[in-house]
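J.: My structure file data_18.txt, compact mmCIF, C-alpha atoms, is below:
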```txt
# COMPACT_ATOMS: atom_id res chain seq x y z
CA MET W 48 16.91 21.95 -13.24
CA THR W 49 17.17 18.74 -11.22
CA ARG W 50 17.53 15.64 -13.33
CA TYR W 51 16.33 12.36 -11.83
CA ARG W 52 17.26 8.79 -12.65
CA LEU W 53 14.47 6.22 -12.62
CA HIS W 54 15.27 2.54 -12.21
CA ASN W 55 12.27 0.71 -13.58
CA PHE W 56 10.72 -1.67 -16.10
CA PHE W 57 8.39 -0.81 -18.95
CA ARG W 58 5.62 -3.24 -17.99
CA SER W 59 5.64 -2.63 -14.23
CA SER W 60 2.54 -0.67 -13.24
CA THR W 61 4.27 0.80 -10.18
CA SER W 62 6.93 2.11 -12.57
CA PHE W 63 4.17 3.52 -14.78
CA ARG W 64 2.75 5.46 -11.82
CA VAL W 65 6.08 7.15 -11.16
CA ARG W 66 6.86 7.83 -14.84
CA ALA W 67 3.48 9.53 -15.28
CA ALA W 68 3.93 11.49 -12.03
CA LEU W 69 7.37 12.73 -13.15
CA ASN W 70 5.86 13.70 -16.50
CA LEU W 71 2.97 15.56 -14.83
CA LYS W 72 5.47 17.48 -12.71
CA GLY W 73 7.54 18.30 -15.77
CA CYS W 74 10.60 16.44 -14.44
CA ALA W 75 13.14 15.11 -16.90
CA TYR W 76 14.66 11.77 -15.91
CA ASP W 77 17.14 9.17 -17.13
CA TYR W 78 15.60 5.77 -17.77
CA VAL W 79 17.37 2.69 -16.41
CA SER W 80 15.69 -0.59 -17.29
CA TYR W 81 15.68 -3.90 -15.38
CA ALA W 82 14.34 -7.00 -17.10
CA LEU W 83 12.29 -8.42 -14.22
CA ARG W 84 11.84 -11.88 -15.72
CA ALA W 85 15.61 -12.19 -16.00
CA GLY W 86 16.02 -11.04 -12.38
CA GLU W 87 18.13 -8.00 -13.23
CA HIS W 88 16.55 -6.04 -10.37
CA ARG W 89 18.16 -8.48 -7.89
CA ALA W 90 21.67 -7.55 -9.08
CA PRO W 91 24.00 -6.04 -6.40
CA GLU W 92 24.12 -2.61 -8.07
CA HIS W 93 20.33 -2.28 -7.83
CA LEU W 94 20.19 -3.75 -4.32
CA ARG W 95 22.59 -1.01 -3.20
CA LEU W 96 19.98 1.55 -4.29
CA ASN W 97 16.95 -0.47 -3.22
CA PRO W 98 17.64 -3.17 -0.61
CA GLN W 99 14.22 -4.73 -1.29
CA GLY W 100 15.27 -5.32 -4.90
CA LEU W 101 12.00 -3.97 -6.25
CA VAL W 102 11.31 -1.47 -9.01
CA PRO W 103 10.86 1.45 -9.19
CA THR W 104 13.67 3.32 -7.46
CA LEU W 105 14.08 7.04 -8.06
CA GLU W 106 17.56 8.49 -7.64
CA THR W 107 17.11 12.01 -6.30
CA PRO W 108 19.54 14.74 -5.18
CA ASP W 109 18.83 13.55 -1.59
CA GLY W 110 19.46 9.87 -2.29
CA PRO W 111 17.68 6.83 -3.74
CA LEU W 112 14.02 6.31 -2.87
CA GLY W 113 11.91 3.18 -3.34
CA GLN W 114 8.15 2.50 -3.03
CA SER W 115 6.11 4.16 -5.77
CA LEU W 116 3.55 5.82 -3.47
CA ALA W 117 6.29 7.24 -1.23
CA ILE W 118 8.04 8.58 -4.35
CA ILE W 119 4.85 10.21 -5.64
CA GLU W 120 4.00 11.79 -2.27
CA TRP W 121 7.58 13.11 -2.07
CA LEU W 122 7.37 14.55 -5.59
CA ASP W 123 4.11 16.22 -4.63
CA GLU W 124 5.64 17.74 -1.51
CA THR W 125 8.81 18.98 -3.21
CA ILE W 126 7.24 20.12 -6.52
CA PRO W 127 3.81 21.45 -5.59
CA GLU W 128 2.52 22.20 -9.13
CA PRO W 129 0.44 20.67 -10.50
CA PRO W 130 -0.83 19.06 -7.28
CA LEU W 131 -1.44 15.29 -7.27
CA LEU W 132 -3.56 15.48 -4.11
CA PRO W 133 -6.36 17.96 -3.29
CA ALA W 134 -5.69 20.75 -0.79
CA ASP W 135 -8.35 19.76 1.77
CA PRO W 136 -7.68 16.87 4.18
CA TRP W 137 -10.96 15.08 3.43
CA GLY W 138 -10.31 15.26 -0.32
CA ARG W 139 -6.79 13.98 0.25
CA ALA W 140 -8.20 11.13 2.33
CA ARG W 141 -10.65 10.22 -0.44
CA VAL W 142 -7.93 10.22 -3.10
CA ARG W 143 -5.59 8.14 -0.95
CA SER W 144 -8.36 5.66 -0.13
CA LEU W 145 -9.06 5.20 -3.87
CA ALA W 146 -5.37 4.98 -4.74
CA HIS W 147 -4.66 2.52 -1.94
CA ALA W 148 -7.55 0.26 -2.96
CA VAL W 149 -5.58 -0.40 -6.15
CA ALA W 150 -2.06 -0.08 -4.78
CA LEU W 151 -2.60 -2.26 -1.71
CA ASP W 152 -5.53 -4.52 -2.52
CA ILE W 153 -4.77 -5.47 -6.12
CA HIS W 154 -1.23 -4.83 -7.22
CA PRO W 155 0.81 -6.52 -4.45
CA ILE W 156 -1.20 -9.75 -4.73
CA ASN W 157 -0.86 -9.82 -8.52
CA ASN W 158 2.78 -8.84 -8.74
CA LEU W 159 5.06 -10.99 -10.91
CA ARG W 160 6.98 -12.34 -7.90
CA VAL W 161 3.71 -13.49 -6.29
CA LEU W 162 2.39 -15.11 -9.47
CA ARG W 163 5.70 -16.94 -9.84
CA HIS W 164 5.56 -18.12 -6.24
CA LEU W 165 2.08 -19.54 -6.87
CA GLU W 166 3.60 -21.60 -9.64
CA THR W 167 6.63 -22.88 -7.73
CA GLU W 168 4.88 -23.49 -4.39
CA PHE W 169 1.44 -24.66 -5.41
CA GLY W 170 1.94 -25.78 -9.00
CA ALA W 171 -0.46 -23.15 -10.32
CA THR W 172 -1.04 -23.45 -14.06
CA GLU W 173 -1.14 -20.52 -16.47
CA ASP W 174 -4.95 -20.63 -16.30
CA GLY W 175 -4.89 -20.81 -12.52
CA ILE W 176 -2.62 -17.77 -12.36
CA ALA W 177 -4.79 -15.79 -14.79
CA GLY W 178 -7.86 -16.65 -12.70
CA TRP W 179 -6.06 -15.49 -9.55
CA PHE W 180 -5.14 -12.18 -11.21
CA ARG W 181 -8.69 -11.59 -12.42
CA HIS W 182 -10.19 -12.50 -9.04
CA TRP W 183 -8.31 -9.75 -7.18
CA VAL W 184 -9.03 -7.16 -9.86
CA VAL W 185 -12.77 -7.93 -9.74
CA GLU W 186 -12.82 -7.94 -5.92
CA THR W 187 -11.60 -4.33 -5.88
CA PHE W 188 -12.78 -2.91 -9.21
CA ASP W 189 -16.45 -3.75 -8.49
CA PRO W 190 -16.62 -1.62 -5.32
CA LEU W 191 -14.31 0.99 -6.86
CA GLU W 192 -16.69 1.35 -9.81
CA ALA W 193 -19.58 1.71 -7.35
CA ARG W 194 -17.74 4.49 -5.49
CA LEU W 195 -16.53 6.35 -8.58
CA SER W 196 -19.92 6.20 -10.28
CA SER W 197 -21.86 7.43 -7.23
CA GLU W 198 -19.65 9.85 -5.30
CA ARG W 199 -20.13 13.49 -6.20
CA GLU W 200 -16.39 14.28 -6.03
CA THR W 201 -15.73 12.15 -9.12
CA GLY W 202 -15.23 14.32 -12.18
CA ARG W 203 -13.42 13.84 -15.45
CA PHE W 204 -10.85 12.06 -13.27
CA CYS W 205 -11.15 10.15 -9.98
CA HIS W 206 -11.37 13.39 -8.01
CA GLY W 207 -12.44 16.46 -9.93
CA ASP W 208 -11.19 17.46 -13.34
CA ALA W 209 -7.42 17.14 -12.95
CA PRO W 210 -5.45 13.90 -12.75
CA GLY W 211 -3.84 12.90 -9.46
CA LEU W 212 -2.60 10.07 -7.27
CA ALA W 213 -5.69 7.87 -7.63
CA ASP W 214 -5.61 8.20 -11.42
CA LEU W 215 -1.94 7.20 -11.53
CA CYS W 216 -2.75 3.97 -9.69
CA LEU W 217 -5.99 3.27 -11.55
CA ALA W 218 -4.56 3.86 -15.03
CA GLY W 219 -1.56 1.63 -14.31
CA GLN W 220 -3.84 -1.17 -13.18
CA VAL W 221 -6.12 -0.91 -16.23
CA LEU W 222 -3.03 -1.12 -18.45
CA ASN W 223 -1.92 -4.23 -16.55
CA ASN W 224 -5.34 -5.82 -16.93
CA ARG W 225 -4.96 -5.90 -20.72
CA ARG W 226 -2.75 -8.95 -20.44
CA PHE W 227 -5.34 -10.98 -18.51
CA ASP W 228 -8.46 -10.91 -20.67
CA LEU W 229 -10.65 -8.76 -18.45
CA ASP W 230 -13.66 -6.97 -19.95
CA PRO W 231 -13.26 -3.21 -19.34
CA GLY W 232 -16.99 -2.82 -20.09
CA ARG W 233 -17.77 -4.25 -16.65
CA TRP W 234 -16.52 -0.99 -15.13
CA PRO W 235 -17.73 1.90 -17.33
CA THR W 236 -16.70 4.73 -15.00
CA ILE W 237 -13.22 3.27 -14.58
CA ALA W 238 -12.98 2.86 -18.37
CA ARG W 239 -14.06 6.46 -18.89
CA ILE W 240 -11.51 7.78 -16.38
CA HIS W 241 -8.80 5.58 -17.87
CA ALA W 242 -9.54 7.01 -21.34
CA ALA W 243 -9.34 10.54 -19.90
CA CYS W 244 -5.97 9.67 -18.32
CA MET W 245 -4.51 8.22 -21.50
CA ALA W 246 -5.54 11.38 -23.39
CA VAL W 247 -3.11 13.29 -21.14
CA PRO W 248 0.38 13.27 -22.69
CA ALA W 249 2.03 12.69 -19.29
CA PHE W 250 0.15 9.38 -19.02
CA ALA W 251 0.46 8.38 -22.68
CA ASP W 252 4.21 8.99 -22.63
CA ALA W 253 4.48 6.74 -19.57
CA ALA W 254 2.64 3.80 -21.17
CA PRO W 255 4.56 0.51 -21.33
CA GLU W 256 4.57 0.42 -25.14
CA ASN W 257 6.26 3.82 -25.31
CA GLN W 258 9.28 2.91 -23.18
CA PRO W 259 12.76 2.19 -24.57
CA ASP W 260 12.78 -1.36 -23.16
CA ALA W 261 9.30 -2.28 -24.50
CA GLU W 262 9.26 -5.72 -26.06
CA MET X 98 -14.27 16.60 21.52
CA THR X 99 -14.88 14.56 18.40
CA ARG X 100 -15.68 10.95 19.04
CA TYR X 101 -14.89 8.42 16.31
CA ARG X 102 -16.31 5.01 15.63
CA LEU X 103 -13.87 2.33 14.46
CA HIS X 104 -15.14 -0.73 12.60
CA ASN X 105 -12.43 -3.33 13.01
CA PHE X 106 -11.28 -6.71 14.29
CA PHE X 107 -8.94 -7.41 17.18
CA ARG X 108 -6.49 -9.56 15.23
CA SER X 109 -6.33 -7.46 12.05
CA SER X 110 -2.97 -5.69 11.86
CA THR X 111 -4.40 -2.89 9.72
CA SER X 112 -6.95 -2.35 12.52
CA PHE X 113 -4.10 -2.34 15.04
CA ARG X 114 -2.34 0.45 13.10
CA VAL X 115 -5.41 2.67 13.28
CA ARG X 116 -6.19 1.87 16.93
CA ALA X 117 -2.64 2.80 17.94
CA ALA X 118 -2.73 5.96 15.80
CA LEU X 119 -6.01 7.05 17.41
CA ASN X 120 -4.49 6.37 20.83
CA LEU X 121 -1.32 8.35 19.99
CA LYS X 122 -3.48 11.28 18.91
CA GLY X 123 -5.53 11.03 22.10
CA CYS X 124 -8.76 10.29 20.21
CA ALA X 125 -11.53 8.42 21.97
CA TYR X 126 -13.43 6.00 19.75
CA ASP X 127 -16.25 3.50 19.85
CA TYR X 128 -15.21 -0.03 19.01
CA VAL X 129 -17.31 -2.04 16.55
CA SER X 130 -16.09 -5.57 15.94
CA TYR X 131 -16.47 -7.78 12.85
CA ALA X 132 -15.58 -11.46 13.10
CA LEU X 133 -13.69 -11.82 9.84
CA ARG X 134 -13.72 -15.62 9.78
CA ALA X 135 -17.51 -15.52 10.02
CA GLY X 136 -17.66 -12.95 7.20
CA GLU X 137 -19.38 -10.27 9.29
CA HIS X 138 -17.47 -7.52 7.43
CA ARG X 139 -19.32 -8.50 4.23
CA ALA X 140 -22.72 -7.69 5.78
CA PRO X 141 -24.75 -4.93 4.04
CA GLU X 142 -24.46 -2.51 6.97
CA HIS X 143 -20.65 -2.60 6.78
CA LEU X 144 -20.61 -2.51 2.96
CA ARG X 145 -22.60 0.72 3.15
CA LEU X 146 -19.72 2.25 5.12
CA ASN X 147 -16.95 0.49 3.22
CA PRO X 148 -17.90 -0.82 -0.24
CA GLN X 149 -14.74 -2.94 -0.35
CA GLY X 150 -15.96 -4.80 2.71
CA LEU X 151 -12.57 -4.58 4.40
CA VAL X 152 -11.64 -3.54 7.93
CA PRO X 153 -10.81 -1.04 9.29
CA THR X 154 -13.32 1.73 8.55
CA LEU X 155 -13.26 4.89 10.62
CA GLU X 156 -16.50 6.83 10.94
CA THR X 157 -15.57 10.49 11.16
CA PRO X 158 -17.59 13.74 11.32
CA ASP X 159 -16.91 14.04 7.55
CA GLY X 160 -18.05 10.51 6.69
CA PRO X 161 -16.73 6.95 6.71
CA LEU X 162 -13.13 6.35 5.61
CA GLY X 163 -11.47 3.07 4.68
CA GLN X 164 -7.82 2.10 4.01
CA SER X 165 -5.66 2.19 7.13
CA LEU X 166 -2.85 4.31 5.65
CA ALA X 167 -5.31 6.86 4.28
CA ILE X 168 -6.96 7.01 7.71
CA ILE X 169 -3.64 7.54 9.47
CA GLU X 170 -2.47 10.24 7.02
CA TRP X 171 -5.84 11.98 7.49
CA LEU X 172 -5.57 11.80 11.28
CA ASP X 173 -2.08 13.28 11.01
CA GLU X 174 -3.31 16.14 8.83
CA THR X 175 -6.34 16.97 10.96
CA ILE X 176 -4.74 16.43 14.41
CA PRO X 177 -1.13 17.57 14.02
CA GLU X 178 0.12 16.64 17.50
CA PRO X 179 1.97 14.41 18.08
CA PRO X 180 3.11 14.11 14.43
CA LEU X 181 3.22 10.63 12.88
CA LEU X 182 5.43 11.82 10.00
CA PRO X 183 8.55 14.04 10.19
CA ALA X 184 8.33 17.66 9.07
CA ASP X 185 10.92 17.46 6.27
CA PRO X 186 9.93 15.93 2.90
CA TRP X 187 12.93 13.58 2.76
CA GLY X 188 12.20 12.30 6.26
CA ARG X 189 8.57 11.83 5.33
CA ALA X 190 9.63 9.92 2.22
CA ARG X 191 11.87 7.66 4.30
CA VAL X 192 9.11 6.92 6.81
CA ARG X 193 6.57 6.23 4.06
CA SER X 194 9.02 3.96 2.23
CA LEU X 195 9.55 1.93 5.42
CA ALA X 196 5.82 1.84 6.22
CA HIS X 197 4.88 0.87 2.68
CA ALA X 198 7.43 -1.96 2.60
CA VAL X 199 5.31 -3.61 5.29
CA ALA X 200 1.89 -2.29 4.28
CA LEU X 201 2.23 -3.09 0.57
CA ASP X 202 4.82 -5.84 0.29
CA ILE X 203 3.85 -8.07 3.22
CA HIS X 204 0.38 -7.48 4.57
CA PRO X 205 -1.79 -7.61 1.40
CA ILE X 206 -0.22 -10.89 0.28
CA ASN X 207 -0.66 -12.46 3.72
CA ASN X 208 -4.15 -11.19 4.41
CA LEU X 209 -6.76 -13.72 5.58
CA ARG X 210 -8.74 -13.46 2.34
CA VAL X 211 -5.62 -14.27 0.30
CA LEU X 212 -4.61 -17.20 2.51
CA ARG X 213 -8.14 -18.58 2.18
CA HIS X 214 -8.05 -18.18 -1.59
CA LEU X 215 -4.80 -20.18 -1.70
CA GLU X 216 -6.66 -22.97 0.02
CA THR X 217 -9.77 -22.95 -2.16
CA GLU X 218 -8.02 -22.36 -5.51
CA PHE X 219 -4.79 -24.30 -5.14
CA GLY X 220 -5.54 -26.70 -2.33
CA ALA X 221 -2.86 -25.17 -0.12
CA THR X 222 -2.43 -27.06 3.15
CA GLU X 223 -2.00 -25.42 6.57
CA ASP X 224 1.76 -25.95 6.25
CA GLY X 225 1.78 -24.54 2.73
CA ILE X 226 -0.07 -21.45 3.89
CA ALA X 227 2.26 -20.95 6.85
CA GLY X 228 5.25 -21.26 4.51
CA TRP X 229 3.72 -18.68 2.17
CA PHE X 230 3.19 -16.27 5.08
CA ARG X 231 6.76 -16.68 6.33
CA HIS X 232 8.22 -16.31 2.82
CA TRP X 233 6.77 -12.83 2.31
CA VAL X 234 7.74 -11.68 5.79
CA VAL X 235 11.35 -12.82 5.28
CA GLU X 236 11.52 -11.27 1.78
CA THR X 237 10.77 -7.84 3.27
CA PHE X 238 12.03 -8.06 6.85
CA ASP X 239 15.57 -9.00 5.75
CA PRO X 240 16.12 -5.81 3.72
CA LEU X 241 14.12 -3.79 6.26
CA GLU X 242 16.44 -4.97 9.04
CA ALA X 243 19.42 -4.01 6.85
CA ARG X 244 18.01 -0.51 6.35
CA LEU X 245 16.96 0.06 9.96
CA SER X 246 20.25 -1.20 11.37
CA SER X 247 22.44 0.90 9.03
CA GLU X 248 20.61 4.16 8.34
CA ARG X 249 21.54 7.02 10.63
CA GLU X 250 17.95 8.28 10.89
CA THR X 251 16.92 5.17 12.87
CA GLY X 252 16.62 5.95 16.55
CA ARG X 253 14.67 4.42 19.38
CA PHE X 254 11.94 4.03 16.74
CA CYS X 255 12.09 3.63 12.95
CA HIS X 256 12.78 7.33 12.48
CA GLY X 257 14.20 9.17 15.45
CA ASP X 258 12.98 8.85 19.00
CA ALA X 259 9.23 9.21 18.62
CA PRO X 260 6.85 6.61 17.18
CA GLY X 261 5.25 7.26 13.80
CA LEU X 262 3.68 5.78 10.69
CA ALA X 263 6.45 3.25 10.04
CA ASP X 264 6.29 2.00 13.63
CA LEU X 265 2.53 1.52 13.42
CA CYS X 266 2.97 -0.75 10.40
CA LEU X 267 6.03 -2.56 11.72
CA ALA X 268 4.60 -3.28 15.16
CA GLY X 269 1.36 -4.59 13.67
CA GLN X 270 3.28 -6.96 11.43
CA VAL X 271 5.48 -8.27 14.26
CA LEU X 272 2.34 -8.97 16.28
CA ASN X 273 0.89 -10.84 13.30
CA ASN X 274 4.05 -12.89 12.89
CA ARG X 275 3.55 -14.46 16.33
CA ARG X 276 0.96 -16.80 14.87
CA PHE X 277 3.32 -18.20 12.23
CA ASP X 278 6.35 -19.43 14.14
CA LEU X 279 8.88 -16.85 12.94
CA ASP X 280 12.06 -16.27 14.95
CA PRO X 281 12.17 -12.57 15.95
CA GLY X 282 15.90 -13.00 16.68
CA ARG X 283 16.58 -12.99 12.94
CA TRP X 284 15.81 -9.23 12.93
CA PRO X 285 17.33 -7.70 16.09
CA THR X 286 16.74 -4.06 15.15
CA ILE X 287 13.12 -4.74 14.26
CA ALA X 288 12.71 -6.64 17.55
CA ARG X 289 14.24 -3.73 19.48
CA ILE X 290 11.95 -1.19 17.80
CA HIS X 291 8.93 -3.42 18.34
CA ALA X 292 9.75 -3.66 22.05
CA ALA X 293 10.06 0.14 22.19
CA CYS X 294 6.65 0.44 20.50
CA MET X 295 4.93 -1.97 22.84
CA ALA X 296 6.32 -0.04 25.84
CA VAL X 297 4.22 2.93 24.64
CA PRO X 298 0.70 2.72 26.15
CA ALA X 299 -0.91 3.81 22.85
CA PHE X 300 0.53 0.68 21.19
CA ALA X 301 0.00 -1.68 24.12
CA ASP X 302 -3.64 -0.62 24.44
CA ALA X 303 -4.11 -1.36 20.71
CA ALA X 304 -2.72 -4.91 20.92
CA PRO X 305 -5.07 -7.69 19.79
CA GLU X 306 -5.20 -9.33 23.21
CA ASN X 307 -6.43 -6.10 24.80
CA GLN X 308 -9.49 -5.67 22.58
CA PRO X 309 -13.07 -6.45 23.65
CA ASP X 310 -13.49 -9.07 20.90
CA ALA X 311 -10.22 -10.90 21.64
CA GLU X 312 -10.65 -14.66 21.67
```
Give the structure from the file, written as structure tokens.
T.:
Amino acid sequence: MTRYRLHNFFRSSTSFRVRAALNLKGCAYDYVSYALRAGEHRAPEHLRLNPQGLVPTLETPDGPLGQSLAIIEWLDETIPEPPLLPADPWGRARVRSLAHAVALDIHPINNLRVLRHLETEFGATEDGIAGWFRHWVVETFDPLEARLSSERETGRFCHGDAPGLADLCLAGQVLNNRRFDLDPGRWPTIARIHAACMAVPAFADAAPENQPDAE
Amino acid sequence: MTRYRLHNFFRSSTSFRVRAALNLKGCAYDYVSYALRAGEHRAPEHLRLNPQGLVPTLETPDGPLGQSLAIIEWLDETIPEPPLLPADPWGRARVRSLAHAVALDIHPINNLRVLRHLETEFGATEDGIAGWFRHWVVETFDPLEARLSSERETGRFCHGDAPGLADLCLAGQVLNNRRFDLDPGRWPTIARIHAACMAVPAFADAAPENQPDAE
């Protein structure tokens, strides 16, 4: 059985996505931790694997691969069961559009490196940074809640009754939100789906607090 | 033949990606323009199609679809020729990792709504905003240039000798960079690939200056 090596950080929500995906696919992996606040991911040995110097990176039999969504799509193509995307193109499009709303329209803007840059370039205070984080979550979670609560394809999870790509992104974001004093009650469908995700061992085992480098 | 309707804006690089993808696939489409600076994309009639209120949205026979990457992956699954992703999973992973470096690690942070929020929340000046934009381009284009110039899969385009998903994202970003005084000579391989893209009519026809709403 192939064994993977995941370069990641317990608190990173993009790392969470990949850990939970590996767990769903039943893939064992070695855990390599990088303390992001200390800049360990910018060390030459990690840059050789991931020239962008970002976590996560998955070492595979074919080589190292960065970008969490690219990793998850690759896992889904190389290990078909259980599928993380529906079989039909329109269902796949829906799941990707939900996943990308989180993965493109929230996470990149609220990433640690961006929050830090706000501080160094514009003198943002801790309160200013927290307000920034919350703003981008609300901007996307409000319409996401509207979609998930009204579209008939929503089931126990974002799309039907099995967890997939959109759930990986959504659950990681909800976990991230805990540190920024957001009220989960504002988005009841998202909260319900998140609870369903965290009841799945593959998700629970991937949670930040259950990683070896958790503080 | 199916006719699509694209809700977009000439200068938006995510809109550019989808326009060029539709052109590559030989799909005719109606062009609906939203002046982003005037907030037209937040009007109720667009929110009904795209609850996030973001461009682009593609109206398809199956319904409206947002998120440029989800649209492009859907086009590629429903209209296989010419392919925008390689056939082999590792090649697909490479192309997605290149595309996502631009689409996740540059564009969302440099989006108009984010630049505006910098101004209103932190009093960023025009120079401060331009510096922010350039910072995130450099952070990703430097390692992207290193990958594209050294990896054997790079050809006339990002992956081999036909344009695909990574080229759509890269070309759109290079077009965006023109407004922020970045020196393309810093990234010769990216500049070469961009020139190859813009020599393809599907890309040239999608350029901002060739759209009906161009200013």
J.: So which residues touch Val129 in chain X within 7 Å, counting all atoms listed in the file, skipping near sequence neighbours fewer than 2 positions away, as a PyMOL selection string?
T.: chain X and resi 103-105+127+131
J.: Compile the residues of chain W that lie within 9 Å of chain X, evaluated using only C-alpha atoms, and express the compilation as an mmCIF file with C-alpha atoms, keeping the file's coordinate frame.
T.:
```cif
data_model
loop_
_atom_site.group_PDB
_atom_site.id
_atom_site.type_symbol
_atom_site.label_atom_id
_atom_site.label_comp_id
_atom_site.auth_asym_id
_atom_site.auth_seq_id
_atom_site.Cartn_x
_atom_site.Cartn_y
_atom_site.Cartn_z
ATOM 1 C CA ASN W 97 16.950 -0.470 -3.220
ATOM 2 C CA PRO W 98 17.640 -3.170 -0.610
ATOM 3 C CA GLN W 99 14.220 -4.730 -1.290
ATOM 4 C CA GLY W 100 15.270 -5.320 -4.900
ATOM 5 C CA ASP W 109 18.830 13.550 -1.590
ATOM 6 C CA LEU W 112 14.020 6.310 -2.870
ATOM 7 C CA GLY W 113 11.910 3.180 -3.340
ATOM 8 C CA GLN W 114 8.150 2.500 -3.030
ATOM 9 C CA SER W 115 6.110 4.160 -5.770
ATOM 10 C CA LEU W 116 3.550 5.820 -3.470
ATOM 11 C CA ALA W 117 6.290 7.240 -1.230
ATOM 12 C CA ILE W 118 8.040 8.580 -4.350
ATOM 13 C CA GLU W 120 4.000 11.790 -2.270
ATOM 14 C CA TRP W 121 7.580 13.110 -2.070
ATOM 15 C CA LEU W 122 7.370 14.550 -5.590
ATOM 16 C CA GLU W 124 5.640 17.740 -1.510
ATOM 17 C CA THR W 125 8.810 18.980 -3.210
ATOM 18 C CA PRO W 136 -7.680 16.870 4.180
ATOM 19 C CA TRP W 137 -10.960 15.080 3.430
ATOM 20 C CA ARG W 139 -6.790 13.980 0.250
ATOM 21 C CA ALA W 140 -8.200 11.130 2.330
ATOM 22 C CA ARG W 141 -10.650 10.220 -0.440
ATOM 23 C CA VAL W 142 -7.930 10.220 -3.100
ATOM 24 C CA ARG W 143 -5.590 8.140 -0.950
ATOM 25 C CA SER W 144 -8.360 5.660 -0.130
ATOM 26 C CA LEU W 145 -9.060 5.200 -3.870
ATOM 27 C CA HIS W 147 -4.660 2.520 -1.940
ATOM 28 C CA ALA W 148 -7.550 0.260 -2.960
ATOM 29 C CA ALA W 150 -2.060 -0.080 -4.780
ATOM 30 C CA LEU W 151 -2.600 -2.260 -1.710
ATOM 31 C CA ASP W 152 -5.530 -4.520 -2.520
ATOM 32 C CA ILE W 153 -4.770 -5.470 -6.120
ATOM 33 C CA HIS W 154 -1.230 -4.830 -7.220
ATOM 34 C CA PRO W 155 0.810 -6.520 -4.450
ATOM 35 C CA ILE W 156 -1.200 -9.750 -4.730
ATOM 36 C CA ASN W 157 -0.860 -9.820 -8.520
ATOM 37 C CA VAL W 161 3.710 -13.490 -6.290
ATOM 38 C CA HIS W 164 5.560 -18.120 -6.240
ATOM 39 C CA LEU W 165 2.080 -19.540 -6.870
ATOM 40 C CA GLU W 168 4.880 -23.490 -4.390
ATOM 41 C CA PHE W 169 1.440 -24.660 -5.410
ATOM 42 C CA GLY W 170 1.940 -25.780 -9.000
ATOM 43 C CA ALA W 171 -0.460 -23.150 -10.320
ATOM 44 C CA GLY W 175 -4.890 -20.810 -12.520
ATOM 45 C CA TRP W 179 -6.060 -15.490 -9.550
ATOM 46 C CA GLU W 186 -12.820 -7.940 -5.920
ATOM 47 C CA THR W 187 -11.600 -4.330 -5.880
ATOM 48 C CA ASP W 189 -16.450 -3.750 -8.490
ATOM 49 C CA PRO W 190 -16.620 -1.620 -5.320
ATOM 50 C CA LEU W 191 -14.310 0.990 -6.860
ATOM 51 C CA ALA W 193 -19.580 1.710 -7.350
ATOM 52 C CA ARG W 194 -17.740 4.490 -5.490
#
```
J.: Quick one: distance from CA of Ala251 in chain W to CA of Ala67 in chain W in Å, one decimal?
T.: 8.1 Å
J.: Could you jot down the CA of Thr154 in chain X to CA of Arg276 in chain X separation for me, Å, one decimal place?
T.: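 One can read the CA of Thr154 in chain X to CA of Arg276 in chain X distance as 24.2 Å.
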J.: One number please: CA of Arg253 in chain X to CA of Ala268 in chain X, in Å, one decimal.
T.: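 That distance, rounded to one decimal, is 13.4 Å.
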J.: Counting all atoms listed in the file, write as a ChimeraX atom specification all protein and nucleic acid residues lying at most 7 Å from (-18.2, 10.3, 13.8) in the file's frame.
T.: /X:100-102,156-158
J.: Rank nothing, just name the residue among W:Glu128, W:Tyr76, W:Arg160, W:Arg181 nearest to Asn223 in chain W, using only C-alpha atoms.
T.: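 Using only C-alpha atoms, the shortest distance to Asn223 in chain W belongs to W:Arg181.
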J.: If we count all atoms listed in the file and set the cut-off at 9 Å, which residues sit around Gln258 in chain W, ignoring sequence neighbours fewer than 6 positions away in its own chain? Please answer as a ChimeraX atom specification.
T.: /W:56-58,78,252
J.: For a quick check of understanding, using all atoms listed in the file, which of X:Pro179, X:Leu279, X:Val235, X:Ser247 has the smallest distance to Asn120 in chain X?
T.: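 Counting all atoms listed in the file, the residue closest to Asn120 in chain X is X:Pro179.
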J.: Find the residue from X:Phe113, X:Ala135, X:Met98, X:Phe277 that sits nearest to Glu223 in chain X; use only C-alpha atoms when measuring.
T.: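 For Glu223 in chain X, the nearest of the candidates is X:Phe277.
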J.: Using all atoms listed in the file, which protein or nucleic acid residues come within 12 Å of Phe300 in chain X? Drop anything in the same chain fewer than 5 positions from it, and give the result as a PyMOL selection string.
T.: chain X and resi 110+112-122+260-261+264-269+272+291-295+305-308
